[in-house]
Protein chains: 2
Amino acid sequence: MGRNKEFDTTVVLRKAMEVFGHYGYEGTSLQILLDGLGIARQSLYDTYGTKKDLFISAVKHYTNEKSAALVARLNRPGSVKAAITDIFCEIAAALKDEARRKECFIMHSAIDQVPHVPEIAAFFEQDASRLEEAYYRALVRAYEQGELSDRHSDLRALARYLNHSRYSLTQAAKLTSDPKVLDDIIKVTLSALDS
Amino acid sequence: MGRNKEFDTTVVLRKAMEVFGHYGYEGTSLQILLDGLGIARQSLYDTYGTKKDLFISAVKHYTNEKSAALVARLNRPGSVKAAITDIFCEIAAALKDEARRKECFIMHSAIDQVPHVPEIAAFFEQDASRLEEAYYRALVRAYEQGELSDRHSDLRALARYLNHSRYSLTQAAKLTSDPKVLDDIIKVTLSALDS
DNA sequence: TCTTTTTCGGACCATTTAATCAAGAATGGA
DNA sequence: TCCATTCTTGATTAAATGGTCCGAAAAAGA
């Protein structure tokens with residue numbers, strides 16, 4: 001009973017990613033936020049709590065979504081190199097798509113808040129170790145499958161490098177509008193897996 | 001004639017880097033800024049103009065300093081690989097030094113403002129192309145000196161990659177406090193130059 | 001019809017913001 | 001000594017900030 005919500009909470013959450021990604025957490029005033037979300041002020045506070053609560057929710061939602069897809073792709077049987085290539089191609093595709101690239105930038109805003117919001121810091125730390133482990137296990141499997149040469153002695157370092165590269169690509173996308181630059185960076189990044 | 005300035009303007013500029021780097025541009029209130037700089041409010045406005053003016057000055061000062069050193073190192077005769085290794089080791093050393101790492105983070109705050117402050121955007125674009133060219137010329141020289149194998153066919157891509165890696169390292173430093181992670185990332189990053 | 005829930009919009013709050021102005025004290029060269 | 005410059009401090013401004021409260025309208029199930 002009672003009136004139904006008129007907006008899809010996850011759709012609004014997605015819009016929040018775009019707004020926070022574009023202006024940053026501190027740079028997003030309540031007015032900008034409401035305009036971007038397209039809902040009334042009271043609806044925001046009723047549904048998500050404070051501005052900070054909404055920010056944290058958006059960050060977690062985005063991260064969980066991306067991380068889950070990433071881990072699933074890494075765990076899928078078959079060529080590990082192909083999986084990693086897929087992952088980075090997908091990132092590039094998202095960053096080149098005018099509609100999708102906006103929400104990626106919330107990662108930047110989130111990283112900015114790491115030193116100031118303990119909840120964000122803890123969440124990131126946990127997510128990073130989860131992803132690093134997924135990369136590491138995949139690399140071990142790659143080695144066992146004969147996809148890597150003896151040149152790749154330190155698989156732990158390689159896992160950390162790949163995990164870090166994902167974050168850094170969105171940074172690169174913010175600095176350049178030239179898609180070729182992005183492709184170049186990815187190409188060289190993946191060459192770390194060559195024998 | 002007249003009273004002399006009591007503070008060294010470049011020293012204060014360096015402090016501004018630290019403050020802006022820690023809190024971000026929007027996250028730095030005037031009070032925080034003044035506390036960090038250790039000067040009176042009126043002295044700030046007399047010497048640097050508005051808060052935004054000071055921010056832009058700090059970003060430019062930091063960038064010019066770092067870029068000049070980088071280009072100089074790349075242009076020095078001798079092994080190019082050694083030069084690039086030096087550059088990244090220097091970055092790592094700065095990011096590990098509790099005193100020096102703070103000011104590095106102003107790059108992050110600056111990148112955040114790229115979409116909103118045209119002057120910052122233009123400055124970054126110019127600086128990036130300058131650095132990319134320096135890397136590219138150095139890589140051509142490396143190839144001529146026989147430091148690179150035929151595996152490195154696309155020196156332009158490699159130059160863009162190296163330039164981007166510098167920025168991304170400070171991002172990694174913000175996410176992890178473990179210096180070993182930083183070392184691992186640098187190790188793999190530089191392996192792109194291996195034959 | 002009645003009740004519950006949500007939406008919407010405006011009013012309102014205390015706080016904080018960046019920035020300016022003013023005035024007195026300190027400093028140093030002419 | 002005189003003047004120019006800087007430092008320091010406090011007062012002040014006008015706007016914007018995040019957040020709360022209230023009331024009316026709308027919708028959906030009982």
# chains A, B, ... in the order shown; residues from 1 in each chain; ligands from 1
$ calpha_fit_and_write --fixed "chain A" --moving "chain B" --output "PDB file with C-alpha atoms, in the first residue's frame"
ATOM      1  CA  MET B   1       0.375  -0.094   0.601  1.00  0.00           C
ATOM      2  CA  GLY B   2       1.156   3.513  -0.017  1.00  0.00           C
ATOM      3  CA  ARG B   3       2.391   5.357  -3.054  1.00  0.00           C
ATOM      4  CA  ASN B   4       5.164   3.757  -5.049  1.00  0.00           C
ATOM      5  CA  LYS B   5       8.515   5.353  -5.729  1.00  0.00           C
ATOM      6  CA  GLU B   6       8.444   7.112  -9.044  1.00  0.00           C
ATOM      7  CA  PHE B   7      12.150   6.792  -9.760  1.00  0.00           C
ATOM      8  CA  ASP B   8      14.374   3.758 -10.072  1.00  0.00           C
ATOM      9  CA  THR B   9      16.825   4.003  -7.203  1.00  0.00           C
ATOM     10  CA  THR B  10      19.649   2.351  -9.146  1.00  0.00           C
ATOM     11  CA  VAL B  11      19.103   4.602 -12.136  1.00  0.00           C
ATOM     12  CA  VAL B  12      19.378   7.636  -9.892  1.00  0.00           C
ATOM     13  CA  LEU B  13      22.456   6.083  -8.307  1.00  0.00           C
ATOM     14  CA  ARG B  14      23.982   5.902 -11.752  1.00  0.00           C
ATOM     15  CA  LYS B  15      23.227   9.543 -12.362  1.00  0.00           C
ATOM     16  CA  ALA B  16      24.857  10.330  -9.037  1.00  0.00           C
ATOM     17  CA  MET B  17      28.029   8.647 -10.284  1.00  0.00           C
ATOM     18  CA  GLU B  18      28.093  10.960 -13.256  1.00  0.00           C
ATOM     19  CA  VAL B  19      27.533  14.109 -11.256  1.00  0.00           C
ATOM     20  CA  PHE B  20      30.033  13.261  -8.547  1.00  0.00           C
ATOM     21  CA  GLY B  21      32.465  12.091 -11.187  1.00  0.00           C
ATOM     22  CA  HIS B  22      32.271  15.356 -13.038  1.00  0.00           C
ATOM     23  CA  TYR B  23      32.382  17.822 -10.168  1.00  0.00           C
ATOM     24  CA  GLY B  24      34.061  15.799  -7.431  1.00  0.00           C
ATOM     25  CA  TYR B  25      32.503  15.279  -4.037  1.00  0.00           C
ATOM     26  CA  GLU B  26      33.232  18.708  -2.626  1.00  0.00           C
ATOM     27  CA  GLY B  27      32.620  20.413  -5.930  1.00  0.00           C
ATOM     28  CA  THR B  28      29.116  19.025  -6.191  1.00  0.00           C
ATOM     29  CA  SER B  29      26.698  21.402  -4.543  1.00  0.00           C
ATOM     30  CA  LEU B  30      23.317  20.148  -3.476  1.00  0.00           C
ATOM     31  CA  GLN B  31      21.700  22.162  -6.238  1.00  0.00           C
ATOM     32  CA  ILE B  32      23.910  20.664  -8.920  1.00  0.00           C
ATOM     33  CA  LEU B  33      23.263  17.254  -7.461  1.00  0.00           C
ATOM     34  CA  LEU B  34      19.494  17.624  -7.466  1.00  0.00           C
ATOM     35  CA  ASP B  35      19.483  18.989 -10.996  1.00  0.00           C
ATOM     36  CA  GLY B  36      21.549  16.038 -12.129  1.00  0.00           C
ATOM     37  CA  LEU B  37      19.458  13.460 -10.352  1.00  0.00           C
ATOM     38  CA  GLY B  38      16.145  14.905 -11.438  1.00  0.00           C
ATOM     39  CA  ILE B  39      14.460  14.295  -8.102  1.00  0.00           C
ATOM     40  CA  ALA B  40      13.233  16.599  -5.381  1.00  0.00           C
ATOM     41  CA  ARG B  41      15.403  17.457  -2.438  1.00  0.00           C
ATOM     42  CA  GLN B  42      13.292  15.662   0.109  1.00  0.00           C
ATOM     43  CA  SER B  43      13.259  12.512  -1.993  1.00  0.00           C
ATOM     44  CA  LEU B  44      17.039  12.466  -1.822  1.00  0.00           C
ATOM     45  CA  TYR B  45      17.144  12.673   1.950  1.00  0.00           C
ATOM     46  CA  ASP B  46      14.311  10.165   2.347  1.00  0.00           C
ATOM     47  CA  THR B  47      15.873   7.614   0.034  1.00  0.00           C
ATOM     48  CA  TYR B  48      19.625   7.935   0.441  1.00  0.00           C
ATOM     49  CA  GLY B  49      20.263  10.021   3.540  1.00  0.00           C
ATOM     50  CA  THR B  50      22.767  12.846   3.396  1.00  0.00           C
ATOM     51  CA  LYS B  51      24.914  13.899   0.489  1.00  0.00           C
ATOM     52  CA  LYS B  52      27.818  11.922   1.880  1.00  0.00           C
ATOM     53  CA  ASP B  53      25.653   8.840   2.314  1.00  0.00           C
ATOM     54  CA  LEU B  54      24.619   9.046  -1.309  1.00  0.00           C
ATOM     55  CA  PHE B  55      28.203   9.482  -2.408  1.00  0.00           C
ATOM     56  CA  ILE B  56      29.330   6.409  -0.496  1.00  0.00           C
ATOM     57  CA  SER B  57      26.424   4.393  -1.850  1.00  0.00           C
ATOM     58  CA  ALA B  58      27.243   5.418  -5.400  1.00  0.00           C
ATOM     59  CA  VAL B  59      30.914   4.558  -5.012  1.00  0.00           C
ATOM     60  CA  LYS B  60      30.174   1.168  -3.538  1.00  0.00           C
ATOM     61  CA  HIS B  61      27.563   0.364  -6.129  1.00  0.00           C
ATOM     62  CA  TYR B  62      29.857   1.268  -8.999  1.00  0.00           C
ATOM     63  CA  THR B  63      32.846  -0.550  -7.568  1.00  0.00           C
ATOM     64  CA  ASN B  64      30.939  -3.702  -6.723  1.00  0.00           C
ATOM     65  CA  GLU B  65      29.460  -3.856 -10.180  1.00  0.00           C
ATOM     66  CA  LYS B  66      32.781  -3.436 -11.959  1.00  0.00           C
ATOM     67  CA  SER B  67      34.751  -5.673  -9.648  1.00  0.00           C
ATOM     68  CA  ALA B  68      32.276  -8.506  -9.881  1.00  0.00           C
ATOM     69  CA  ALA B  69      32.411  -8.459 -13.656  1.00  0.00           C
ATOM     70  CA  LEU B  70      36.179  -8.322 -13.593  1.00  0.00           C
ATOM     71  CA  VAL B  71      36.583 -11.268 -11.248  1.00  0.00           C
ATOM     72  CA  ALA B  72      34.077 -13.286 -13.222  1.00  0.00           C
ATOM     73  CA  ARG B  73      35.973 -12.654 -16.435  1.00  0.00           C
ATOM     74  CA  LEU B  74      39.276 -13.616 -14.835  1.00  0.00           C
ATOM     75  CA  ASN B  75      37.878 -16.838 -13.447  1.00  0.00           C
ATOM     76  CA  ARG B  76      36.351 -18.016 -16.697  1.00  0.00           C
ATOM     77  CA  PRO B  77      38.248 -20.993 -18.126  1.00  0.00           C
ATOM     78  CA  GLY B  78      40.334 -20.473 -21.220  1.00  0.00           C
ATOM     79  CA  SER B  79      43.122 -18.131 -22.131  1.00  0.00           C
ATOM     80  CA  VAL B  80      44.031 -15.763 -19.317  1.00  0.00           C
ATOM     81  CA  LYS B  81      45.726 -13.377 -21.686  1.00  0.00           C
ATOM     82  CA  ALA B  82      42.550 -13.161 -23.695  1.00  0.00           C
ATOM     83  CA  ALA B  83      40.621 -12.423 -20.522  1.00  0.00           C
ATOM     84  CA  ILE B  84      42.942  -9.597 -19.513  1.00  0.00           C
ATOM     85  CA  THR B  85      42.886  -8.199 -23.023  1.00  0.00           C
ATOM     86  CA  ASP B  86      39.106  -8.296 -22.917  1.00  0.00           C
ATOM     87  CA  ILE B  87      39.061  -6.449 -19.618  1.00  0.00           C
ATOM     88  CA  PHE B  88      41.187  -3.603 -20.878  1.00  0.00           C
ATOM     89  CA  CYS B  89      39.342  -3.366 -24.155  1.00  0.00           C
ATOM     90  CA  GLU B  90      36.116  -3.098 -22.211  1.00  0.00           C
ATOM     91  CA  ILE B  91      37.583  -0.268 -20.146  1.00  0.00           C
ATOM     92  CA  ALA B  92      38.721   1.495 -23.280  1.00  0.00           C
ATOM     93  CA  ALA B  93      35.309   1.075 -24.841  1.00  0.00           C
ATOM     94  CA  ALA B  94      33.637   2.554 -21.774  1.00  0.00           C
ATOM     95  CA  LEU B  95      36.023   5.496 -21.687  1.00  0.00           C
ATOM     96  CA  LYS B  96      35.471   6.237 -25.345  1.00  0.00           C
ATOM     97  CA  ASP B  97      31.689   6.100 -25.136  1.00  0.00           C
ATOM     98  CA  GLU B  98      30.403   9.572 -24.434  1.00  0.00           C
ATOM     99  CA  ALA B  99      27.496   8.209 -22.452  1.00  0.00           C
ATOM    100  CA  ARG B 100      29.370   5.655 -20.377  1.00  0.00           C
ATOM    101  CA  ARG B 101      32.615   7.458 -19.678  1.00  0.00           C
ATOM    102  CA  LYS B 102      31.034   9.980 -17.324  1.00  0.00           C
ATOM    103  CA  GLU B 103      30.266   7.549 -14.579  1.00  0.00           C
ATOM    104  CA  CYS B 104      33.789   6.099 -14.648  1.00  0.00           C
ATOM    105  CA  PHE B 105      35.158   9.294 -13.230  1.00  0.00           C
ATOM    106  CA  ILE B 106      33.501   8.700  -9.890  1.00  0.00           C
ATOM    107  CA  MET B 107      36.533   6.543  -9.180  1.00  0.00           C
ATOM    108  CA  HIS B 108      38.602   9.677  -9.211  1.00  0.00           C
ATOM    109  CA  SER B 109      36.336  11.482  -6.808  1.00  0.00           C
ATOM    110  CA  ALA B 110      36.355   8.441  -4.576  1.00  0.00           C
ATOM    111  CA  ILE B 111      40.142   8.228  -4.513  1.00  0.00           C
ATOM    112  CA  ASP B 112      40.237  11.883  -3.556  1.00  0.00           C
ATOM    113  CA  GLN B 113      38.164  11.089  -0.497  1.00  0.00           C
ATOM    114  CA  VAL B 114      40.252   8.114   0.603  1.00  0.00           C
ATOM    115  CA  PRO B 115      42.322  10.188   3.057  1.00  0.00           C
ATOM    116  CA  HIS B 116      39.253  11.847   4.536  1.00  0.00           C
ATOM    117  CA  VAL B 117      36.490   9.247   4.645  1.00  0.00           C
ATOM    118  CA  PRO B 118      37.511   6.121   6.559  1.00  0.00           C
ATOM    119  CA  GLU B 119      34.604   4.153   5.155  1.00  0.00           C
ATOM    120  CA  ILE B 120      35.808   4.801   1.621  1.00  0.00           C
ATOM    121  CA  ALA B 121      39.380   3.955   2.533  1.00  0.00           C
ATOM    122  CA  ALA B 122      38.415   0.659   4.109  1.00  0.00           C
ATOM    123  CA  PHE B 123      36.198  -0.234   1.187  1.00  0.00           C
ATOM    124  CA  PHE B 124      38.913   0.482  -1.341  1.00  0.00           C
ATOM    125  CA  GLU B 125      41.500  -1.488   0.540  1.00  0.00           C
ATOM    126  CA  GLN B 126      39.244  -4.496   0.660  1.00  0.00           C
ATOM    127  CA  ASP B 127      38.320  -4.198  -2.993  1.00  0.00           C
ATOM    128  CA  ALA B 128      41.937  -3.792  -4.060  1.00  0.00           C
ATOM    129  CA  SER B 129      43.092  -6.917  -2.266  1.00  0.00           C
ATOM    130  CA  ARG B 130      40.179  -8.844  -3.688  1.00  0.00           C
ATOM    131  CA  LEU B 131      41.081  -7.807  -7.216  1.00  0.00           C
ATOM    132  CA  GLU B 132      44.777  -8.336  -6.734  1.00  0.00           C
ATOM    133  CA  GLU B 133      44.107 -11.860  -5.589  1.00  0.00           C
ATOM    134  CA  ALA B 134      41.895 -12.519  -8.579  1.00  0.00           C
ATOM    135  CA  TYR B 135      44.608 -11.278 -10.908  1.00  0.00           C
ATOM    136  CA  TYR B 136      47.236 -13.302  -9.118  1.00  0.00           C
ATOM    137  CA  ARG B 137      45.283 -16.536  -9.278  1.00  0.00           C
ATOM    138  CA  ALA B 138      44.582 -15.948 -12.938  1.00  0.00           C
ATOM    139  CA  LEU B 139      48.268 -15.332 -13.640  1.00  0.00           C
ATOM    140  CA  VAL B 140      49.236 -18.538 -11.830  1.00  0.00           C
ATOM    141  CA  ARG B 141      46.763 -20.352 -14.002  1.00  0.00           C
ATOM    142  CA  ALA B 142      48.196 -18.659 -17.062  1.00  0.00           C
ATOM    143  CA  TYR B 143      51.648 -19.830 -16.118  1.00  0.00           C
ATOM    144  CA  GLU B 144      50.420 -23.381 -15.643  1.00  0.00           C
ATOM    145  CA  GLN B 145      48.742 -23.207 -19.022  1.00  0.00           C
ATOM    146  CA  GLY B 146      51.998 -22.119 -20.597  1.00  0.00           C
ATOM    147  CA  GLU B 147      50.826 -18.642 -21.485  1.00  0.00           C
ATOM    148  CA  LEU B 148      53.689 -16.927 -19.701  1.00  0.00           C
ATOM    149  CA  SER B 149      57.391 -17.297 -20.185  1.00  0.00           C
ATOM    150  CA  ASP B 150      60.051 -17.459 -17.506  1.00  0.00           C
ATOM    151  CA  ARG B 151      60.518 -13.734 -18.048  1.00  0.00           C
ATOM    152  CA  HIS B 152      57.531 -13.227 -15.781  1.00  0.00           C
ATOM    153  CA  SER B 153      59.095 -14.373 -12.563  1.00  0.00           C
ATOM    154  CA  ASP B 154      57.171 -12.120 -10.226  1.00  0.00           C
ATOM    155  CA  LEU B 155      53.496 -12.793 -10.714  1.00  0.00           C
ATOM    156  CA  ARG B 156      52.597 -10.855  -7.581  1.00  0.00           C
ATOM    157  CA  ALA B 157      54.147  -7.713  -9.010  1.00  0.00           C
ATOM    158  CA  LEU B 158      52.377  -8.305 -12.287  1.00  0.00           C
ATOM    159  CA  ALA B 159      49.041  -8.670 -10.515  1.00  0.00           C
ATOM    160  CA  ARG B 160      49.535  -5.415  -8.647  1.00  0.00           C
ATOM    161  CA  TYR B 161      50.548  -3.719 -11.855  1.00  0.00           C
ATOM    162  CA  LEU B 162      47.468  -4.838 -13.731  1.00  0.00           C
ATOM    163  CA  ASN B 163      45.164  -3.819 -10.924  1.00  0.00           C
ATOM    164  CA  HIS B 164      46.740  -0.407 -10.743  1.00  0.00           C
ATOM    165  CA  SER B 165      46.585   0.037 -14.489  1.00  0.00           C
ATOM    166  CA  ARG B 166      42.834  -0.128 -14.441  1.00  0.00           C
ATOM    167  CA  TYR B 167      42.583   2.890 -12.167  1.00  0.00           C
ATOM    168  CA  SER B 168      45.201   4.822 -14.006  1.00  0.00           C
ATOM    169  CA  LEU B 169      43.423   4.519 -17.319  1.00  0.00           C
ATOM    170  CA  THR B 170      40.505   6.615 -16.162  1.00  0.00           C
ATOM    171  CA  GLN B 171      43.029   9.202 -15.074  1.00  0.00           C
ATOM    172  CA  ALA B 172      44.537   9.207 -18.536  1.00  0.00           C
ATOM    173  CA  ALA B 173      41.086   9.570 -20.035  1.00  0.00           C
ATOM    174  CA  LYS B 174      40.533  12.685 -17.969  1.00  0.00           C
ATOM    175  CA  LEU B 175      43.717  14.249 -19.298  1.00  0.00           C
ATOM    176  CA  THR B 176      43.330  13.540 -22.974  1.00  0.00           C
ATOM    177  CA  SER B 177      40.413  13.480 -25.337  1.00  0.00           C
ATOM    178  CA  ASP B 178      42.411  11.685 -28.004  1.00  0.00           C
ATOM    179  CA  PRO B 179      41.293   8.043 -28.111  1.00  0.00           C
ATOM    180  CA  LYS B 180      44.528   7.089 -29.845  1.00  0.00           C
ATOM    181  CA  VAL B 181      46.518   8.026 -26.778  1.00  0.00           C
ATOM    182  CA  LEU B 182      44.345   5.718 -24.734  1.00  0.00           C
ATOM    183  CA  ASP B 183      44.876   2.903 -27.197  1.00  0.00           C
ATOM    184  CA  ASP B 184      48.613   3.441 -27.159  1.00  0.00           C
ATOM    185  CA  ILE B 185      48.761   3.280 -23.393  1.00  0.00           C
ATOM    186  CA  ILE B 186      46.721   0.097 -23.292  1.00  0.00           C
ATOM    187  CA  LYS B 187      48.831  -1.490 -26.000  1.00  0.00           C
ATOM    188  CA  VAL B 188      52.050  -0.918 -24.112  1.00  0.00           C
ATOM    189  CA  THR B 189      50.447  -1.858 -20.814  1.00  0.00           C
ATOM    190  CA  LEU B 190      49.416  -5.225 -22.153  1.00  0.00           C
ATOM    191  CA  SER B 191      52.851  -5.778 -23.660  1.00  0.00           C
ATOM    192  CA  ALA B 192      53.990  -6.528 -20.134  1.00  0.00           C
ATOM    193  CA  LEU B 193      52.397  -9.919 -20.671  1.00  0.00           C
ATOM    194  CA  ASP B 194      54.332 -10.641 -23.849  1.00  0.00           C
ATOM    195  CA  SER B 195      56.984 -13.293 -23.778  1.00  0.00           C
TER     196      SER B 195
END
$ interface_residues --of "chain D" --to "chain A" --cutoff "7 Å" --atoms "only C-alpha atoms (C1' of nucleotides)" --output "number ranges by chain"
D: 27-29
$ write_last_selection --atoms "N, CA and C atoms (P, O5', C5', C4', C3', O3' and C1' of nucleotides)" --output "PDB file, in the first residue's frame"
ATOM      1  P    DA D  27      -1.441  10.973 -10.051  1.00  0.00           P
ATOM      2  O5'  DA D  27      -1.191   9.507  -9.477  1.00  0.00           O
ATOM      3  C5'  DA D  27       0.134   9.102  -9.199  1.00  0.00           C
ATOM      4  C4'  DA D  27       0.135   8.036  -8.123  1.00  0.00           C
ATOM      5  C3'  DA D  27      -0.749   6.815  -8.404  1.00  0.00           C
ATOM      6  O3'  DA D  27       0.041   5.667  -8.301  1.00  0.00           O
ATOM      7  C1'  DA D  27      -1.059   7.595  -6.199  1.00  0.00           C
ATOM      8  P    DA D  28      -0.219   4.431  -9.348  1.00  0.00           P
ATOM      9  O5'  DA D  28      -0.393   3.204  -8.363  1.00  0.00           O
ATOM     10  C5'  DA D  28       0.551   3.001  -7.329  1.00  0.00           C
ATOM     11  C4'  DA D  28      -0.094   2.362  -6.134  1.00  0.00           C
ATOM     12  C3'  DA D  28      -1.162   1.318  -6.460  1.00  0.00           C
ATOM     13  O3'  DA D  28      -0.836   0.096  -5.855  1.00  0.00           O
ATOM     14  C1'  DA D  28      -1.918   2.791  -4.783  1.00  0.00           C
ATOM     15  P    DG D  29      -1.546  -1.268  -6.337  1.00  0.00           P
ATOM     16  O5'  DG D  29      -2.044  -1.914  -4.964  1.00  0.00           O
ATOM     17  C5'  DG D  29      -1.102  -2.140  -3.925  1.00  0.00           C
ATOM     18  C4'  DG D  29      -1.777  -2.019  -2.570  1.00  0.00           C
ATOM     19  C3'  DG D  29      -2.883  -3.051  -2.317  1.00  0.00           C
ATOM     20  O3'  DG D  29      -2.723  -3.627  -1.037  1.00  0.00           O
ATOM     21  C1'  DG D  29      -3.700  -0.862  -1.939  1.00  0.00           C
TER      22       DG D  29
END
$ residues_around --residues "segment 10-18 of chain D" --least-positions-apart "5" --cutoff "8 Å" --atoms "only C-alpha atoms (C1' of nucleotides)" --output "count of residues only"
7
$ interface_residues --of "chain C" --to "chain B" --cutoff "9 Å" --atoms "only C-alpha atoms (C1' of nucleotides)" --output "JSON, numbers by chain"
{"C": [17, 18, 19, 26, 27, 28, 29, 30]}
$ select_by_dssp --residues "segment 73-187 of chain A" --states "helix (DSSP H, G or I)" --output "number ranges by chain"
A: 73-75, 80-96, 98-104, 106-113, 118-144, 155-175, 179-187
$ residues_around --residues "DC13 of chain C" --least-positions-apart "3" --cutoff "10 Å" --atoms "only C-alpha atoms (C1' of nucleotides)" --output "list in words"
DG19, DT20 and DC21 of chain D
